[in-house]
$ cat upload.cif   # mmCIF, C-alpha atoms
data_model
#
loop_
_atom_site.label_atom_id
_atom_site.label_comp_id
_atom_site.auth_asym_id
_atom_site.auth_seq_id
_atom_site.Cartn_x
_atom_site.Cartn_y
_atom_site.Cartn_z
CA MET T 1 0.00 0.00 0.00
CA LEU T 2 2.95 2.26 0.48
CA GLU T 3 3.23 2.24 -3.29
CA VAL T 4 -0.40 3.20 -3.67
CA GLU T 5 -0.30 6.31 -1.52
CA PRO T 6 1.88 8.45 -3.75
CA GLN T 7 -0.24 7.49 -6.73
CA LEU T 8 -3.42 8.51 -4.96
CA ILE T 9 -1.85 11.76 -3.88
CA ASP T 10 -0.36 12.60 -7.25
CA THR T 11 -3.46 11.66 -9.21
CA TYR T 12 -6.24 12.98 -7.01
CA VAL T 13 -4.99 15.05 -4.10
CA ARG T 14 -2.42 17.14 -5.86
CA THR T 15 -4.95 17.89 -8.59
CA GLY T 16 -7.50 19.11 -6.08
CA LYS T 17 -10.00 16.34 -6.75
CA MET T 18 -9.69 14.55 -3.46
CA ARG T 19 -8.76 15.11 0.13
CA ILE T 20 -7.52 12.43 2.46
CA ILE T 21 -8.59 12.28 6.08
CA VAL T 22 -6.61 10.22 8.54
CA ARG T 23 -8.42 8.27 11.23
CA PRO T 24 -5.84 6.34 13.23
CA LEU T 25 -6.73 3.03 14.81
CA PHE T 26 -4.96 1.35 17.69
CA GLN T 27 -5.71 -2.27 17.19
CA THR T 28 -2.05 -3.12 17.65
CA GLY T 29 -1.93 -1.44 21.02
CA GLU T 30 0.13 1.06 22.90
CA ASP T 31 2.90 1.47 20.34
CA ALA T 32 0.41 2.50 17.70
CA LEU T 33 -1.07 4.98 20.12
CA LEU T 34 2.36 6.40 20.87
CA ALA T 35 3.06 6.73 17.16
CA ALA T 36 -0.23 8.53 16.60
CA HIS T 37 0.55 10.79 19.52
CA ALA T 38 3.92 11.55 18.00
CA SER T 39 2.27 12.53 14.75
CA GLU T 40 -0.04 14.86 16.63
CA CYS T 41 2.92 16.44 18.39
CA ALA T 42 4.66 16.84 15.05
CA GLY T 43 1.48 18.44 13.76
CA GLU T 44 1.95 21.23 16.27
CA GLN T 45 4.99 22.11 14.19
CA LYS T 46 3.19 21.59 10.87
CA HIS T 47 4.80 18.22 10.31
CA TYR T 48 1.95 15.81 10.91
CA PHE T 49 2.13 14.09 7.56
CA ALA T 50 5.90 14.18 7.44
CA MET T 51 6.08 12.49 10.82
CA ARG T 52 3.49 9.97 9.80
CA ALA T 53 5.48 9.15 6.70
CA ALA T 54 8.69 8.89 8.71
CA ILE T 55 7.10 6.42 11.10
CA TYR T 56 5.76 4.25 8.31
CA ALA T 57 9.06 4.38 6.52
CA ASP T 58 11.00 3.03 9.49
CA GLN T 59 8.74 0.76 11.48
CA GLY T 60 11.52 -1.78 11.92
CA GLY T 61 13.90 0.81 13.24
CA LEU T 62 11.36 2.06 15.72
CA PHE T 63 10.84 -1.40 17.12
CA ALA T 64 14.58 -1.87 17.36
CA ALA T 65 15.05 1.40 19.18
CA GLU T 66 15.87 1.45 22.87
CA SER T 67 12.32 2.55 23.47
CA MET T 68 9.49 3.50 21.22
CA THR T 69 9.38 6.97 22.73
CA ALA T 70 13.10 7.47 22.16
CA GLY T 71 12.79 6.23 18.61
CA LEU T 72 9.92 8.57 17.84
CA SER T 73 11.83 11.45 19.35
CA GLN T 74 14.76 10.71 17.11
CA ARG T 75 12.56 10.47 14.01
CA ALA T 76 11.05 13.82 14.88
CA ARG T 77 14.48 15.39 15.03
CA ASP T 78 15.43 13.65 11.79
CA ILE T 79 12.71 15.49 9.91
CA GLY T 80 13.56 18.85 11.35
CA ILE T 81 11.16 19.10 14.24
CA ASN T 82 12.20 20.97 17.35
CA GLY T 83 13.08 18.06 19.58
CA ASP T 84 12.58 19.73 22.90
CA ASP T 85 9.11 20.94 22.03
CA PHE T 86 8.29 17.55 20.61
CA ASP T 87 9.46 15.76 23.75
CA ARG T 88 7.46 18.09 25.97
CA CYS T 89 4.39 17.39 23.89
CA MET T 90 4.96 13.65 24.13
CA GLN T 91 5.42 13.84 27.89
CA SER T 92 2.21 15.79 28.27
CA ASP T 93 0.22 12.89 26.80
CA LYS T 94 -2.37 15.48 25.86
CA TYR T 95 -3.50 13.79 22.66
CA ARG T 96 -4.04 10.43 24.22
CA LEU T 97 -7.64 10.96 25.17
CA PRO T 98 -8.71 12.61 21.90
CA LEU T 99 -7.02 9.83 19.95
CA LEU T 100 -8.72 7.14 21.99
CA THR T 101 -12.02 8.93 21.60
CA GLY T 102 -11.57 8.94 17.85
CA TYR T 103 -10.74 5.27 17.93
CA THR T 104 -13.87 4.53 19.93
CA ARG T 105 -15.97 6.48 17.46
CA ALA T 106 -14.45 4.53 14.59
CA LYS T 107 -15.31 1.25 16.26
CA GLU T 108 -18.81 2.45 16.99
CA SER T 109 -19.25 3.20 13.31
CA GLY T 110 -18.33 -0.38 12.46
CA ILE T 111 -14.61 -0.09 11.81
CA LEU T 112 -13.54 -3.38 13.29
CA SER T 113 -10.58 -4.29 11.12
CA ARG T 114 -7.85 -2.51 9.28
CA PRO T 115 -7.28 -1.00 6.95
CA VAL T 116 -10.65 0.38 6.03
CA PHE T 117 -11.32 3.19 3.61
CA GLU T 118 -14.29 5.31 2.83
CA ILE T 119 -14.53 7.10 -0.46
CA ASN T 120 -17.40 9.54 -0.33
CA GLY T 121 -19.07 7.26 2.15
CA GLN T 122 -18.45 4.03 0.25
CA ARG T 123 -16.70 1.70 2.63
CA ILE T 124 -13.86 -0.50 1.41
CA ILE T 125 -12.48 -3.10 3.74
CA GLY T 126 -8.92 -4.25 3.20
CA ALA T 127 -6.02 -3.12 1.12
CA ARG T 128 -6.52 -2.39 -2.56
CA GLN T 129 -4.40 -1.72 -5.57
CA PHE T 130 -4.29 1.77 -6.96
CA SER T 131 -6.33 0.69 -9.97
CA GLU T 132 -9.13 -0.51 -7.72
CA PHE T 133 -9.25 2.78 -5.87
CA ALA T 134 -9.08 4.59 -9.18
CA ASP T 135 -12.06 2.67 -10.54
CA ILE T 136 -14.15 3.83 -7.62
CA ILE T 137 -12.86 7.38 -7.53
CA ASP T 138 -13.18 7.89 -11.28
CA HIS T 139 -16.82 6.91 -11.16
CA LEU T 140 -17.39 9.52 -8.48
CA LYS T 141 -15.76 12.35 -10.32
CA PRO T 142 -18.24 15.00 -11.44
CA MET Z 143 21.28 -114.49 46.88
CA SER Z 144 24.57 -114.31 45.19
CA ILE Z 145 27.15 -111.79 46.05
CA ILE Z 146 26.94 -110.32 42.60
CA ARG Z 147 23.20 -109.72 42.94
CA ILE Z 148 23.64 -108.07 46.34
CA VAL Z 149 26.31 -105.80 45.05
CA GLY Z 150 24.21 -104.92 42.02
CA ILE Z 151 21.18 -104.01 44.12
CA SER Z 152 23.31 -102.02 46.52
CA PHE Z 153 24.85 -100.16 43.61
CA PHE Z 154 21.41 -99.41 42.19
CA ILE Z 155 20.14 -98.13 45.53
CA CYS Z 156 23.20 -96.00 45.96
CA LEU Z 157 22.82 -94.63 42.51
CA LEU Z 158 19.22 -93.68 43.17
CA ALA Z 159 20.13 -91.98 46.43
CA ASN Z 160 22.85 -89.87 44.83
CA CYS Z 161 20.67 -88.64 42.02
CA GLY Z 162 18.02 -87.49 44.47
CA SER Z 163 20.45 -85.53 46.58
CA GLN Z 164 21.79 -83.75 43.56
CA SER Z 165 18.47 -82.58 42.31
CA VAL Z 166 17.34 -81.08 45.60
CA GLY Z 167 18.94 -78.00 46.98
CA SER Z 168 21.22 -77.03 44.19
CA PRO Z 169 20.27 -73.59 43.01
CA PRO Z 170 19.82 -73.05 39.40
CA ALA Z 171 22.78 -71.59 37.68
CA THR Z 172 20.88 -68.50 36.84
CA PRO Z 173 18.17 -67.07 39.01
CA TRP Z 174 14.79 -67.57 37.60
CA PRO Z 175 13.40 -64.27 36.68
CA SER Z 176 10.41 -63.64 38.78
CA ALA Z 177 9.10 -61.16 36.32
CA THR Z 178 10.27 -59.38 33.31
CA ILE Z 179 10.83 -55.81 34.39
CA GLU Z 180 10.46 -53.52 31.52
CA PRO Z 181 12.04 -50.15 31.85
CA THR Z 182 9.34 -47.99 33.21
CA ARG Z 183 8.21 -45.47 30.75
CA GLU Z 184 5.47 -43.08 31.53
CA ALA Z 185 2.54 -43.54 29.35
CA PRO Z 186 2.58 -40.69 26.92
CA THR Z 187 0.17 -38.10 27.99
CA GLN Z 188 -2.49 -37.35 25.57
CA THR Z 189 -1.38 -34.24 23.82
CA THR Z 190 -4.18 -32.33 22.41
CA ILE Z 191 -3.11 -30.61 19.31
CA ALA Z 192 -5.47 -27.87 18.57
CA ALA Z 193 -6.58 -27.55 15.07
CA PRO Z 194 -4.52 -24.85 13.48
CA THR Z 195 -6.31 -21.63 13.60
CA PRO Z 196 -5.95 -19.45 10.62
CA THR Z 197 -3.20 -17.02 11.20
CA VAL Z 198 -4.37 -13.56 10.69
CA ILE Z 199 -1.44 -11.74 9.31
CA ALA Z 200 -1.94 -8.19 10.15
CA THR Z 201 -1.40 -6.26 7.07
CA ILE Z 202 0.35 -3.10 7.85
CA GLU Z 203 -1.15 -1.02 5.20
CA PRO Z 204 -0.72 2.60 5.83
CA VAL Z 205 -2.48 4.51 3.23
CA ILE Z 206 -1.42 7.99 3.76
CA VAL Z 207 1.34 10.08 2.61
CA VAL Z 208 4.77 9.01 1.84
CA ASN Z 209 5.67 12.35 0.42
CA THR Z 210 6.70 14.87 2.95
CA ASP Z 211 6.69 17.98 0.85
CA ASP Z 212 4.86 21.04 1.97
CA SER Z 213 3.25 21.76 -1.34
CA LEU Z 214 -0.02 20.17 -0.32
CA ALA Z 215 -2.57 21.81 1.89
CA ALA Z 216 -3.03 20.17 5.24
CA GLY Z 217 -5.41 20.92 8.05
CA LEU Z 218 -7.92 19.53 10.46
CA THR Z 219 -11.53 18.54 10.15
CA PRO Z 220 -13.98 20.06 12.63
CA GLU Z 221 -13.69 16.79 14.56
CA GLY Z 222 -9.92 17.20 14.77
CA TYR Z 223 -8.79 14.64 12.19
CA HIS Z 224 -5.90 15.53 9.94
CA VAL Z 225 -6.61 16.24 6.30
CA LEU Z 226 -4.28 16.29 3.35
CA GLY Z 227 -5.43 18.20 0.32
CA ASP Z 228 -7.99 20.79 -0.53
CA MET Z 229 -10.69 20.89 2.11
CA ALA Z 230 -13.19 21.74 -0.64
CA ALA Z 231 -12.23 18.79 -2.83
CA PRO Z 232 -15.29 16.95 -4.13
CA ILE Z 233 -14.04 13.54 -3.09
CA THR Z 234 -13.28 12.59 0.49
CA PHE Z 235 -11.07 9.61 1.10
CA ILE Z 236 -10.97 8.49 4.72
CA ASP Z 237 -8.19 6.18 5.78
CA TYR Z 238 -8.73 4.10 8.90
CA SER Z 239 -5.45 2.43 9.64
CA ASP Z 240 -3.04 1.48 12.34
CA TYR Z 241 0.55 2.59 12.62
CA PHE Z 242 1.97 -0.86 13.17
#
$ encode --input "upload.cif" --output "structure tokens"
Amino acid sequence: MLEVEPQLIDTYVRTGKMRIIVRPLFQTGEDALLAAHASECAGEQKHYFAMRAAIYADQGGLFAAESMTAGLSQRARDIGINGDDFDRCMQSDKYRLPLLTGYTRAKESGILSRPVFEINGQRIIGARQFSEFADIIDHLKP
Amino acid sequence: MSIIRIVGISFFICLLANCGSQSVGSPPATPWPSATIEPTREAPTQTTIAAPTPTVIATIEPVIVVNTDDSLAAGLTPEGYHVLGDMAAPITFIDYSDYF
């Protein structure tokens, strides 16, 4: 799916035809929640999507890090985020509750597996090739 | 009774007496095994092998954003979810996924 994302962005987002909304899930537990929290903290410095991409790009490295928190802190610095501000944000844990609330809402709306996508309300369960997304999106285009 | 007959009978009696004394009381060369002792081996416990459950391989399928450039608009929905792209775009793609 990592190959699909740039194609979706280049074809539909960059052209103004589509916007992508991120709804993180935490089915894999605390590490996923920490990673989502890190993205939120990066978002305070306008680097939400960059941090998200950095996490996805180095999942193995994060697991190999001394601690997940330390690994996330390093990734934040790697992409140019102010590390001290980032660390303070992480220590505050202030996004934990909103993230968990969002997760609960997703589950309440029937999101019980991952990944799940909704394209203008049409729910797609499971990963898809770019061409499959394109078939759906192209039929929606005005 | 002739001397020869007496001697013969005496020899026969003596012979009988000797055979009897040999057969009684002499232990067998090898002790008779009272029982065959097999090496004790615990009966194998019944191992229940559960039917293999289908392994659900979690597909780590992040959908969003490998590019990190700043050329795309980014913001938040009213509910606080992050958005990439034009907020007024006609198509909304929502990605529900896990980080790991």
$ closest_residue --input "upload.cif" --among "T:Arg128, T:Arg123, T:Lys107, T:Arg114" --to "chain Z" --atoms "all atoms listed in the file"
T:Arg114
$ resolve_selection --input "upload.cif" --expression "the PyMOL selection byres ((chain T) within 7 of (chain Z))" --output "number ranges by chain"
T: 1-2, 5-6, 13-14, 16-28, 32, 35, 49-50, 53, 56, 114-120, 127
$ closest_residue --input "upload.cif" --among "T:Ala38, T:Ala106, T:Ala134, T:Ala54" --to "Arg88 of chain T" --atoms "only C-alpha atoms"
T:Ala38
$ atom_distance --input "upload.cif" --atom1 "atom CA of Gln45 of chain T" --atom2 "atom CA of Ile81 of chain T"
6.9 Å
$ residues_around --input "upload.cif" --residues "Gly71 of chain T" --least-positions-apart "3" --cutoff "10 Å" --atoms "all atoms listed in the file" --output "MDAnalysis selection string"
chainID T and resid 35 55 58:59 61:68 74:77
$ atom_distance --input "upload.cif" --atom1 "atom CA of Gln7 of chain T" --atom2 "atom CA of Lys46 of chain T"
22.8 Å
$ closest_residue --input "upload.cif" --among "T:Asp138, T:Gly126, T:His47, T:His37" --to "Gln91 of chain T" --atoms "only C-alpha atoms"
T:His37
$ atom_distance --input "upload.cif" --atom1 "atom CA of Asp93 of chain T" --atom2 "atom CA of Cys41 of chain T"
9.5 Å
